[in-house]
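Text of model-v5.txt, listed as compact mmCIF, C-alpha atoms:
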```
# COMPACT_ATOMS: atom_id res chain seq x y z
CA MET A 216 -55.09 -22.55 -27.32
CA PRO A 217 -51.61 -21.24 -26.53
CA GLY A 218 -50.18 -19.48 -29.54
CA SER A 219 -53.61 -18.39 -30.84
CA GLU A 220 -53.14 -14.72 -31.73
CA GLY A 221 -55.79 -12.06 -31.46
CA LEU A 222 -58.27 -13.94 -29.28
CA SER A 223 -60.30 -11.98 -26.74
CA GLU A 224 -60.62 -13.44 -23.27
CA ALA A 225 -64.25 -14.31 -24.01
CA ALA A 226 -63.08 -16.44 -26.93
CA MET A 227 -60.22 -18.14 -25.10
CA GLU A 228 -60.35 -21.82 -24.40
CA VAL A 229 -61.09 -22.75 -20.78
CA LEU A 230 -59.53 -25.92 -19.36
CA ARG A 231 -61.99 -27.44 -16.92
CA SER A 232 -60.71 -30.90 -16.09
CA PRO A 233 -57.81 -31.65 -13.71
CA ALA A 234 -57.10 -34.61 -15.98
CA ASN A 235 -56.38 -32.38 -18.97
CA PRO A 236 -52.94 -33.38 -20.35
CA ARG A 237 -51.61 -29.81 -20.18
CA ILE A 238 -52.76 -29.45 -16.58
CA ARG A 239 -51.24 -32.79 -15.64
CA HIS A 240 -47.96 -31.93 -17.37
CA ALA A 241 -47.62 -28.61 -15.54
CA ALA A 242 -48.49 -30.21 -12.20
CA ARG A 243 -45.89 -32.95 -12.70
CA LEU A 244 -43.20 -30.31 -13.18
CA ARG A 245 -43.20 -29.95 -9.39
CA THR A 246 -41.31 -33.27 -9.23
CA GLY A 247 -37.59 -33.13 -9.86
CA ARG A 248 -37.16 -36.15 -12.10
CA TYR A 249 -39.97 -35.14 -14.43
CA ARG A 250 -38.80 -31.52 -14.43
CA ARG A 251 -35.28 -32.47 -15.47
CA ARG A 252 -36.47 -34.96 -18.09
CA SER A 253 -38.89 -32.52 -19.71
CA GLY A 254 -36.54 -29.51 -19.77
CA GLN A 255 -39.29 -27.32 -18.36
CA PHE A 256 -40.25 -25.93 -14.97
CA VAL A 257 -43.21 -24.22 -13.33
CA VAL A 258 -43.44 -20.76 -11.75
CA ASP A 259 -46.13 -19.59 -9.31
CA GLY A 260 -47.34 -15.99 -9.12
CA LEU A 261 -47.07 -13.04 -11.48
CA ARG A 262 -44.21 -11.35 -9.59
CA GLU A 263 -42.00 -14.39 -10.17
CA ILE A 264 -43.32 -14.85 -13.70
CA GLN A 265 -42.52 -11.23 -14.50
CA ARG A 266 -38.95 -11.60 -13.26
CA ALA A 267 -38.46 -14.76 -15.30
CA VAL A 268 -39.71 -13.04 -18.45
CA ALA A 269 -37.56 -9.96 -17.77
CA ALA A 270 -34.52 -12.23 -17.43
CA GLY A 271 -35.18 -13.67 -20.87
CA VAL A 272 -36.45 -17.09 -19.79
CA ARG A 273 -38.80 -18.41 -22.47
CA PRO A 274 -42.43 -19.02 -21.40
CA VAL A 275 -44.32 -21.99 -22.81
CA GLU A 276 -47.78 -21.46 -21.33
CA LEU A 277 -49.41 -19.15 -18.79
CA PHE A 278 -52.41 -20.51 -16.92
CA LEU A 279 -54.85 -17.97 -15.44
CA GLN A 280 -57.61 -18.96 -13.06
CA THR A 281 -60.93 -17.83 -14.52
CA GLN A 282 -62.28 -16.20 -11.35
CA GLN A 283 -59.08 -14.21 -10.84
CA SER A 284 -58.18 -13.40 -14.44
CA GLU A 285 -60.00 -10.06 -14.59
CA ARG A 286 -58.25 -8.83 -11.43
CA LEU A 287 -54.90 -10.01 -12.73
CA ARG A 288 -55.42 -8.26 -16.05
CA GLN A 289 -56.24 -5.02 -14.29
CA GLN A 290 -53.26 -5.20 -11.93
CA HIS A 291 -50.72 -6.57 -14.42
CA ALA A 292 -51.94 -5.23 -17.76
CA ASP A 293 -48.47 -4.45 -19.14
CA LEU A 294 -47.06 -7.86 -18.22
CA LEU A 295 -49.95 -9.83 -19.67
CA ALA A 296 -49.82 -7.76 -22.87
CA ALA A 297 -46.07 -8.35 -23.29
CA PRO A 298 -45.23 -10.19 -26.53
CA GLN A 299 -43.68 -13.11 -24.65
CA LEU A 300 -46.93 -13.81 -22.78
CA ALA A 301 -49.70 -12.29 -24.86
CA HIS A 302 -50.21 -15.35 -27.04
CA CYS A 303 -49.55 -18.26 -24.67
CA GLN A 304 -52.31 -17.64 -22.13
CA THR A 305 -54.90 -20.22 -21.15
CA LEU A 306 -57.85 -19.87 -18.80
CA VAL A 307 -58.36 -22.60 -16.22
CA ALA A 308 -61.49 -23.28 -14.20
CA PRO A 309 -61.06 -23.20 -10.39
CA ALA A 310 -61.33 -26.96 -9.86
CA ALA A 311 -58.66 -27.67 -12.47
CA PHE A 312 -56.47 -24.81 -11.24
CA GLU A 313 -56.33 -26.41 -7.79
CA LYS A 314 -54.21 -29.16 -9.34
CA LEU A 315 -51.77 -26.53 -10.61
CA ALA A 316 -51.58 -24.28 -7.56
CA TYR A 317 -48.86 -24.66 -4.94
CA GLY A 318 -50.47 -25.75 -1.67
CA GLU A 319 -52.41 -22.86 -0.23
CA ARG A 320 -50.61 -20.37 -2.44
CA ASN A 321 -53.19 -19.83 -5.15
CA GLU A 322 -52.48 -16.46 -6.76
CA GLY A 323 -54.38 -17.26 -9.93
CA ALA A 324 -51.34 -17.52 -12.22
CA VAL A 325 -48.99 -20.41 -12.96
CA ALA A 326 -46.60 -20.51 -15.89
CA VAL A 327 -44.51 -23.17 -17.58
CA PHE A 328 -41.07 -22.10 -18.82
CA GLU A 329 -38.25 -23.74 -20.73
CA THR A 330 -35.35 -24.52 -18.40
CA PRO A 331 -32.40 -22.23 -19.18
CA SER A 332 -28.87 -23.54 -19.18
CA ARG A 333 -26.86 -22.83 -16.03
CA THR A 334 -23.34 -24.23 -16.40
CA LEU A 335 -19.91 -23.27 -15.13
CA GLU A 336 -18.72 -22.66 -18.69
CA GLU A 337 -21.34 -19.96 -19.16
CA LEU A 338 -20.34 -17.90 -16.12
CA ARG A 339 -18.72 -14.57 -16.92
CA LEU A 340 -16.90 -13.27 -13.87
CA PRO A 341 -15.49 -9.80 -13.20
CA PRO A 342 -11.93 -9.29 -11.95
CA SER A 343 -11.55 -10.35 -8.29
CA PRO A 344 -15.01 -11.91 -8.09
CA LEU A 345 -16.93 -12.77 -4.94
CA LEU A 346 -18.58 -16.18 -5.24
CA LEU A 347 -20.76 -18.23 -2.92
CA ILE A 348 -20.70 -22.03 -2.99
CA ALA A 349 -23.63 -24.03 -1.60
CA ASP A 350 -22.28 -27.56 -1.29
CA GLY A 351 -24.62 -30.50 -0.80
CA VAL A 352 -27.59 -28.35 0.21
CA GLU A 353 -30.72 -30.48 0.32
CA LYS A 354 -33.64 -28.21 1.19
CA PRO A 355 -34.99 -26.07 -1.66
CA GLY A 356 -36.04 -23.33 0.77
CA ASN A 357 -32.46 -23.02 2.01
CA LEU A 358 -31.01 -22.87 -1.48
CA GLY A 359 -33.55 -20.23 -2.46
CA ALA A 360 -32.74 -18.17 0.63
CA ILE A 361 -29.02 -18.43 -0.19
CA LEU A 362 -29.67 -17.07 -3.68
CA ARG A 363 -31.77 -14.24 -2.28
CA SER A 364 -29.05 -13.25 0.20
CA ALA A 365 -26.35 -13.53 -2.46
CA ASP A 366 -28.32 -11.18 -4.68
CA ALA A 367 -28.78 -8.70 -1.84
CA ALA A 368 -25.09 -8.77 -0.92
CA GLY A 369 -23.91 -8.30 -4.50
CA VAL A 370 -22.30 -11.72 -4.88
CA ASP A 371 -21.09 -12.19 -8.45
CA ALA A 372 -22.17 -15.84 -8.83
CA VAL A 373 -23.43 -18.82 -6.87
CA LEU A 374 -22.26 -22.38 -7.43
CA CYS A 375 -24.62 -25.15 -6.38
CA SER A 376 -22.29 -28.14 -6.03
CA ASP A 377 -23.61 -31.65 -5.42
CA CYS A 378 -26.93 -30.21 -4.26
CA ALA A 379 -29.82 -32.61 -3.72
CA THR A 380 -32.21 -30.05 -5.16
CA ASP A 381 -32.11 -28.13 -8.44
CA LEU A 382 -32.08 -24.43 -9.21
CA PHE A 383 -35.59 -24.44 -10.68
CA HIS A 384 -37.44 -26.29 -7.95
CA PRO A 385 -40.65 -24.28 -7.25
CA ASN A 386 -39.58 -23.72 -3.64
CA VAL A 387 -36.16 -22.46 -4.75
CA ILE A 388 -37.85 -19.95 -7.04
CA ARG A 389 -40.24 -18.86 -4.29
CA ALA A 390 -37.62 -18.60 -1.52
CA SER A 391 -35.23 -16.71 -3.81
CA THR A 392 -38.01 -14.24 -4.71
CA ALA A 393 -37.16 -15.14 -8.32
CA THR A 394 -33.57 -13.85 -8.05
CA VAL A 395 -32.58 -17.30 -9.36
CA PHE A 396 -33.45 -15.90 -12.79
CA THR A 397 -31.19 -12.84 -12.59
CA LEU A 398 -28.26 -13.93 -10.40
CA PRO A 399 -25.48 -15.79 -12.24
CA ALA A 400 -25.58 -19.36 -10.92
CA ALA A 401 -24.44 -22.80 -11.97
CA ALA A 402 -25.21 -26.35 -10.87
CA CYS A 403 -22.22 -28.68 -10.92
CA SER A 404 -20.38 -31.43 -9.11
CA GLY A 405 -18.03 -30.63 -6.26
CA GLU A 406 -15.09 -31.84 -8.34
CA ALA A 407 -16.05 -29.57 -11.23
CA ALA A 408 -16.44 -26.63 -8.85
CA ARG A 409 -12.98 -27.16 -7.39
CA SER A 410 -11.41 -27.40 -10.85
CA PHE A 411 -13.21 -24.24 -11.95
CA LEU A 412 -12.06 -22.28 -8.91
CA ALA A 413 -8.46 -23.46 -9.26
CA ALA A 414 -8.41 -22.58 -12.97
CA HIS A 415 -9.63 -19.05 -12.20
CA GLY A 416 -7.31 -18.49 -9.24
CA ILE A 417 -10.19 -18.09 -6.78
CA GLN A 418 -9.41 -18.71 -3.12
CA VAL A 419 -11.93 -20.85 -1.22
CA VAL A 420 -12.85 -19.82 2.32
CA ALA A 421 -14.99 -22.42 4.08
CA ALA A 422 -17.35 -21.92 7.00
CA ARG A 423 -16.60 -24.56 9.65
CA VAL A 424 -17.81 -24.54 13.24
CA ASP A 425 -14.43 -25.81 14.52
CA ALA A 426 -12.27 -23.26 12.69
CA SER A 427 -9.84 -21.31 14.84
CA ALA A 428 -10.05 -18.06 12.84
CA THR A 429 -13.20 -15.94 12.79
CA MET A 430 -14.63 -14.25 9.72
CA TRP A 431 -13.45 -10.94 11.16
CA GLN A 432 -9.85 -12.16 11.05
CA ALA A 433 -10.03 -13.42 7.47
CA ASP A 434 -9.16 -11.38 4.40
CA LEU A 435 -12.21 -11.71 2.16
CA GLY A 436 -10.96 -9.31 -0.49
CA GLY A 437 -9.67 -10.36 -3.89
CA ALA A 438 -10.99 -13.36 -5.77
CA VAL A 439 -12.81 -15.33 -3.07
CA ALA A 440 -15.42 -18.09 -2.94
CA LEU A 441 -17.31 -18.44 0.33
CA LEU A 442 -18.20 -22.06 0.99
CA VAL A 443 -21.10 -23.33 3.11
CA GLY A 444 -22.04 -26.97 3.54
CA ALA A 445 -25.03 -29.25 3.82
CA GLU A 446 -27.50 -28.75 6.66
CA ASP A 447 -26.88 -32.10 8.32
CA ARG A 448 -23.27 -33.09 7.70
CA GLY A 449 -21.42 -29.90 6.81
CA LEU A 450 -18.38 -29.95 4.56
CA GLY A 451 -16.38 -33.03 3.72
CA PRO A 452 -12.58 -33.37 3.73
CA GLN A 453 -12.45 -33.04 -0.05
CA TRP A 454 -12.70 -29.28 0.41
CA GLN A 455 -9.13 -28.38 1.34
CA SER A 456 -9.39 -24.68 2.05
CA GLN A 457 -8.94 -21.89 4.54
CA ALA A 458 -11.52 -22.29 7.30
CA ILE A 459 -13.30 -19.59 9.27
CA ARG A 460 -16.13 -19.56 11.75
CA ILE A 461 -18.92 -17.14 12.54
CA PRO A 462 -18.55 -15.99 16.18
CA MET A 463 -21.47 -17.30 18.26
CA ALA A 464 -22.50 -15.65 21.52
CA GLY A 465 -25.25 -18.02 22.63
CA ARG A 466 -25.65 -21.73 23.22
CA ALA A 467 -26.11 -22.68 19.58
CA ASP A 468 -22.94 -23.84 17.86
CA SER A 469 -24.11 -23.32 14.29
CA LEU A 470 -26.52 -21.38 12.09
CA ASN A 471 -28.93 -22.43 9.40
CA VAL A 472 -26.93 -22.74 6.18
CA SER A 473 -28.79 -19.89 4.48
CA VAL A 474 -28.24 -17.60 7.46
CA ALA A 475 -24.55 -18.49 7.58
CA ALA A 476 -24.24 -17.76 3.87
CA ALA A 477 -25.90 -14.36 4.33
CA VAL A 478 -23.66 -13.39 7.27
CA LEU A 479 -20.50 -14.32 5.38
CA ALA A 480 -21.60 -12.64 2.16
CA PHE A 481 -22.34 -9.33 3.87
CA GLU A 482 -19.08 -9.46 5.84
CA ALA A 483 -17.21 -10.03 2.58
CA ARG A 484 -19.06 -7.13 0.98
CA ARG A 485 -18.25 -4.90 3.97
CA GLN A 486 -14.55 -5.69 3.67
CA ARG A 487 -14.50 -5.17 -0.07
CA ARG A 488 -16.09 -1.76 0.21
```
Give the structure from this file in structure tokens form.
Amino acid sequence: MPGSEGLSEAAMEVLRSPANPRIRHAARLRTGRYRRRSGQFVVDGLREIQRAVAAGVRPVELFLQTQQSERLRQQHADLLAAPQLAHCQTLVAPAAFEKLAYGERNEGAVAVFETPSRTLEELRLPPSPLLLIADGVEKPGNLGAILRSADAAGVDAVLCSDCATDLFHPNVIRASTATVFTLPAAACSGEAARSFLAAHGIQVVAARVDASATMWQADLGGAVALLVGAEDRGLGPQWQSQAIRIPMAGRADSLNVSVAAAVLAFEARRQRR
């Protein structure tokens, strides 16, 4: 049982049925409504689990597939012996683990964590911060890629405003390579984001395909928030801000939202250096 101290692996309980309540609970955390209602989320793979633990996110239960547990213990001995995880591990038989695993990605480890708070009020920004705003983004893979690029470019915080997905969707975690746990981020409404930016004197620079100025002509120094919009409809008129475009040399008139966010973030970082 999770929380049973001092048990050897041979003495650990093995969950064998896909209908086990703990298995069913963890599997249901892949759906947004249940995830938000329960205040928990699920993480696939020990690399992502390790980053969540290192970031101080509290684990509830770690499921290890029986046929892979010995390999995992050899490769990740320090992680699995860490106090946060040592006493919340449960073995799961292969048939039951299939219900937990994400599609074809079965790495033998799935963990349930308590959902940490990610609000605007909790953000602590440095002087002249560089922010990235993902407004109305719907696809978890795109939001995760935005977080990953923001981390790589040294963005100080990401605001997810009016997004149709949440920060702890399994695909967001996977696409962000778990940087969602370490990068300051907040989920909020567009109205709340605009009030926050105005209160902190942060200039908004929006990416729009019809903008006359290019990103090379814009001053992205100082306190700046780079704004990218939803994949299908872009940014609405409620965002009254300076507009820039990414110069395009080919036939395409726009980029994937995560690619656009990465291009703008690295241009801002180049200017600020």
- Message: Just the number, please: distance in Å from CA of Leu374 (chain A) to CA of Leu345 (chain A), one decimal.
- Response: 11.3 Å
- May I ask for the distance between CA of Leu450 (chain A) and CA of Gln432 (chain A), given in Å to one decimal place? 20.8 Å
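Computed from the coordinates, the CA of Leu442 (chain A) to CA of Leu347 (chain A) distance equals 6.0 Å.
Minimum atom-to-atom distances from A:Pro344, A:Gly359, A:Gly405, A:Gly351 to Ala440 (chain A) were compared using all atoms listed in the file, and the lowest value belongs to A:Pro344.
Closest approach to Gly369 (chain A) among A:Glu482, A:Asp293, A:Glu353, A:Glu263: A:Glu482, based on all atoms listed in the file.
For the choices A:Gly451, A:Gly437, A:Pro341, A:Gly260, the atom-to-atom distance to Asn321 (chain A) is smallest for A:Gly260 when using all atoms listed in the file.
You can rank A:Leu287, A:Ala428, A:Ala421, A:Val478 by their closest distance to Trp454 (chain A) using all atoms listed in the file, and at the top of that list sits A:Ala421.
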- Task: Write out as an NGL selection string which residues come within 10 Å of Glu337 (chain A) when counting only C-alpha atoms, dropping same-chain ones fewer than 6 positions away.
- Result: :A and (399-401)
Got a sec to write region 237-272 of chain A of the block to a file, N, CA and C atoms, as a PDB file, in the first residue's frame?
```pdb
ATOM      1  N   ARG A 237      -7.902   2.561  -7.534  1.00  0.00           N
ATOM      2  CA  ARG A 237      -6.739   3.444  -7.666  1.00  0.00           C
ATOM      3  C   ARG A 237      -6.274   3.534  -9.109  1.00  0.00           C
ATOM      4  N   ILE A 238      -6.351   2.424  -9.822  1.00  0.00           N
ATOM      5  CA  ILE A 238      -6.014   2.428 -11.244  1.00  0.00           C
ATOM      6  C   ILE A 238      -7.009   3.284 -12.019  1.00  0.00           C
ATOM      7  N   ARG A 239      -8.276   3.097 -11.731  1.00  0.00           N
ATOM      8  CA  ARG A 239      -9.317   3.852 -12.434  1.00  0.00           C
ATOM      9  C   ARG A 239      -9.199   5.348 -12.148  1.00  0.00           C
ATOM     10  N   HIS A 240      -8.899   5.684 -10.904  1.00  0.00           N
ATOM     11  CA  HIS A 240      -8.741   7.100 -10.544  1.00  0.00           C
ATOM     12  C   HIS A 240      -7.591   7.729 -11.329  1.00  0.00           C
ATOM     13  N   ALA A 241      -6.442   7.069 -11.349  1.00  0.00           N
ATOM     14  CA  ALA A 241      -5.285   7.619 -12.058  1.00  0.00           C
ATOM     15  C   ALA A 241      -5.567   7.743 -13.548  1.00  0.00           C
ATOM     16  N   ALA A 242      -6.244   6.756 -14.126  1.00  0.00           N
ATOM     17  CA  ALA A 242      -6.554   6.806 -15.556  1.00  0.00           C
ATOM     18  C   ALA A 242      -7.505   7.951 -15.869  1.00  0.00           C
ATOM     19  N   ARG A 243      -8.454   8.209 -14.983  1.00  0.00           N
ATOM     20  CA  ARG A 243      -9.429   9.281 -15.223  1.00  0.00           C
ATOM     21  C   ARG A 243      -8.798  10.663 -15.129  1.00  0.00           C
ATOM     22  N   LEU A 244      -7.626  10.759 -14.515  1.00  0.00           N
ATOM     23  CA  LEU A 244      -6.950  12.053 -14.427  1.00  0.00           C
ATOM     24  C   LEU A 244      -6.473  12.552 -15.786  1.00  0.00           C
ATOM     25  N   ARG A 245      -6.589  11.738 -16.812  1.00  0.00           N
ATOM     26  CA  ARG A 245      -6.256  12.190 -18.169  1.00  0.00           C
ATOM     27  C   ARG A 245      -7.378  13.035 -18.769  1.00  0.00           C
ATOM     28  N   THR A 246      -8.514  13.110 -18.118  1.00  0.00           N
ATOM     29  CA  THR A 246      -9.616  13.958 -18.579  1.00  0.00           C
ATOM     30  C   THR A 246      -9.637  15.246 -17.770  1.00  0.00           C
ATOM     31  N   GLY A 247      -9.817  16.361 -18.456  1.00  0.00           N
ATOM     32  CA  GLY A 247      -9.680  17.664 -17.827  1.00  0.00           C
ATOM     33  C   GLY A 247     -10.644  17.924 -16.696  1.00  0.00           C
ATOM     34  N   ARG A 248     -11.913  17.609 -16.892  1.00  0.00           N
ATOM     35  CA  ARG A 248     -12.898  17.910 -15.855  1.00  0.00           C
ATOM     36  C   ARG A 248     -12.600  17.144 -14.579  1.00  0.00           C
ATOM     37  N   TYR A 249     -12.291  15.867 -14.710  1.00  0.00           N
ATOM     38  CA  TYR A 249     -11.987  15.056 -13.522  1.00  0.00           C
ATOM     39  C   TYR A 249     -10.699  15.522 -12.865  1.00  0.00           C
ATOM     40  N   ARG A 250      -9.713  15.895 -13.685  1.00  0.00           N
ATOM     41  CA  ARG A 250      -8.431  16.364 -13.163  1.00  0.00           C
ATOM     42  C   ARG A 250      -8.621  17.633 -12.328  1.00  0.00           C
ATOM     43  N   ARG A 251      -9.397  18.560 -12.832  1.00  0.00           N
ATOM     44  CA  ARG A 251      -9.607  19.814 -12.113  1.00  0.00           C
ATOM     45  C   ARG A 251     -10.441  19.599 -10.852  1.00  0.00           C
ATOM     46  N   ARG A 252     -11.419  18.703 -10.925  1.00  0.00           N
ATOM     47  CA  ARG A 252     -12.270  18.448  -9.766  1.00  0.00           C
ATOM     48  C   ARG A 252     -11.503  17.747  -8.649  1.00  0.00           C
ATOM     49  N   SER A 253     -10.604  16.857  -9.009  1.00  0.00           N
ATOM     50  CA  SER A 253      -9.894  16.062  -8.008  1.00  0.00           C
ATOM     51  C   SER A 253      -8.701  16.799  -7.394  1.00  0.00           C
ATOM     52  N   GLY A 254      -8.179  17.820  -8.099  1.00  0.00           N
ATOM     53  CA  GLY A 254      -6.998  18.524  -7.602  1.00  0.00           C
ATOM     54  C   GLY A 254      -5.736  17.701  -7.718  1.00  0.00           C
ATOM     55  N   GLN A 255      -5.745  16.744  -8.648  1.00  0.00           N
ATOM     56  CA  GLN A 255      -4.579  15.901  -8.892  1.00  0.00           C
ATOM     57  C   GLN A 255      -4.370  15.754 -10.394  1.00  0.00           C
ATOM     58  N   PHE A 256      -3.167  15.328 -10.770  1.00  0.00           N
ATOM     59  CA  PHE A 256      -2.866  15.096 -12.173  1.00  0.00           C
ATOM     60  C   PHE A 256      -1.892  13.936 -12.288  1.00  0.00           C
ATOM     61  N   VAL A 257      -1.698  13.458 -13.511  1.00  0.00           N
ATOM     62  CA  VAL A 257      -0.893  12.265 -13.732  1.00  0.00           C
ATOM     63  C   VAL A 257       0.321  12.613 -14.584  1.00  0.00           C
ATOM     64  N   VAL A 258       1.446  11.971 -14.293  1.00  0.00           N
ATOM     65  CA  VAL A 258       2.699  12.208 -15.009  1.00  0.00           C
ATOM     66  C   VAL A 258       3.236  10.872 -15.510  1.00  0.00           C
ATOM     67  N   ASP A 259       3.637  10.850 -16.784  1.00  0.00           N
ATOM     68  CA  ASP A 259       4.184   9.644 -17.403  1.00  0.00           C
ATOM     69  C   ASP A 259       5.705   9.728 -17.482  1.00  0.00           C
ATOM     70  N   GLY A 260       6.387   8.652 -17.099  1.00  0.00           N
ATOM     71  CA  GLY A 260       7.834   8.571 -17.309  1.00  0.00           C
ATOM     72  C   GLY A 260       8.643   9.136 -16.157  1.00  0.00           C
ATOM     73  N   LEU A 261       9.757   8.477 -15.852  1.00  0.00           N
ATOM     74  CA  LEU A 261      10.547   8.872 -14.688  1.00  0.00           C
ATOM     75  C   LEU A 261      11.308  10.180 -14.885  1.00  0.00           C
ATOM     76  N   ARG A 262      11.634  10.552 -16.134  1.00  0.00           N
ATOM     77  CA  ARG A 262      12.281  11.853 -16.332  1.00  0.00           C
ATOM     78  C   ARG A 262      11.345  12.971 -15.889  1.00  0.00           C
ATOM     79  N   GLU A 263      10.095  12.910 -16.338  1.00  0.00           N
ATOM     80  CA  GLU A 263       9.121  13.928 -15.966  1.00  0.00           C
ATOM     81  C   GLU A 263       8.782  13.856 -14.482  1.00  0.00           C
ATOM     82  N   ILE A 264       8.674  12.645 -13.954  1.00  0.00           N
ATOM     83  CA  ILE A 264       8.399  12.480 -12.531  1.00  0.00           C
ATOM     84  C   ILE A 264       9.529  13.078 -11.701  1.00  0.00           C
ATOM     85  N   GLN A 265      10.758  12.834 -12.108  1.00  0.00           N
ATOM     86  CA  GLN A 265      11.906  13.390 -11.390  1.00  0.00           C
ATOM     87  C   GLN A 265      11.872  14.910 -11.376  1.00  0.00           C
ATOM     88  N   ARG A 266      11.537  15.514 -12.502  1.00  0.00           N
ATOM     89  CA  ARG A 266      11.503  16.979 -12.555  1.00  0.00           C
ATOM     90  C   ARG A 266      10.367  17.540 -11.703  1.00  0.00           C
ATOM     91  N   ALA A 267       9.256  16.843 -11.647  1.00  0.00           N
ATOM     92  CA  ALA A 267       8.159  17.291 -10.793  1.00  0.00           C
ATOM     93  C   ALA A 267       8.568  17.237  -9.329  1.00  0.00           C
ATOM     94  N   VAL A 268       9.192  16.143  -8.924  1.00  0.00           N
ATOM     95  CA  VAL A 268       9.640  15.996  -7.540  1.00  0.00           C
ATOM     96  C   VAL A 268      10.677  17.062  -7.196  1.00  0.00           C
ATOM     97  N   ALA A 269      11.632  17.292  -8.112  1.00  0.00           N
ATOM     98  CA  ALA A 269      12.678  18.282  -7.874  1.00  0.00           C
ATOM     99  C   ALA A 269      12.105  19.684  -7.738  1.00  0.00           C
ATOM    100  N   ALA A 270      10.973  19.927  -8.406  1.00  0.00           N
ATOM    101  CA  ALA A 270      10.333  21.243  -8.332  1.00  0.00           C
ATOM    102  C   ALA A 270       9.461  21.395  -7.095  1.00  0.00           C
ATOM    103  N   GLY A 271       9.376  20.342  -6.289  1.00  0.00           N
ATOM    104  CA  GLY A 271       8.621  20.421  -5.051  1.00  0.00           C
ATOM    105  C   GLY A 271       7.157  20.065  -5.173  1.00  0.00           C
ATOM    106  N   VAL A 272       6.755  19.498  -6.316  1.00  0.00           N
ATOM    107  CA  VAL A 272       5.364  19.062  -6.469  1.00  0.00           C
ATOM    108  C   VAL A 272       5.176  17.777  -5.657  1.00  0.00           C
TER     109      VAL A 272
END
```
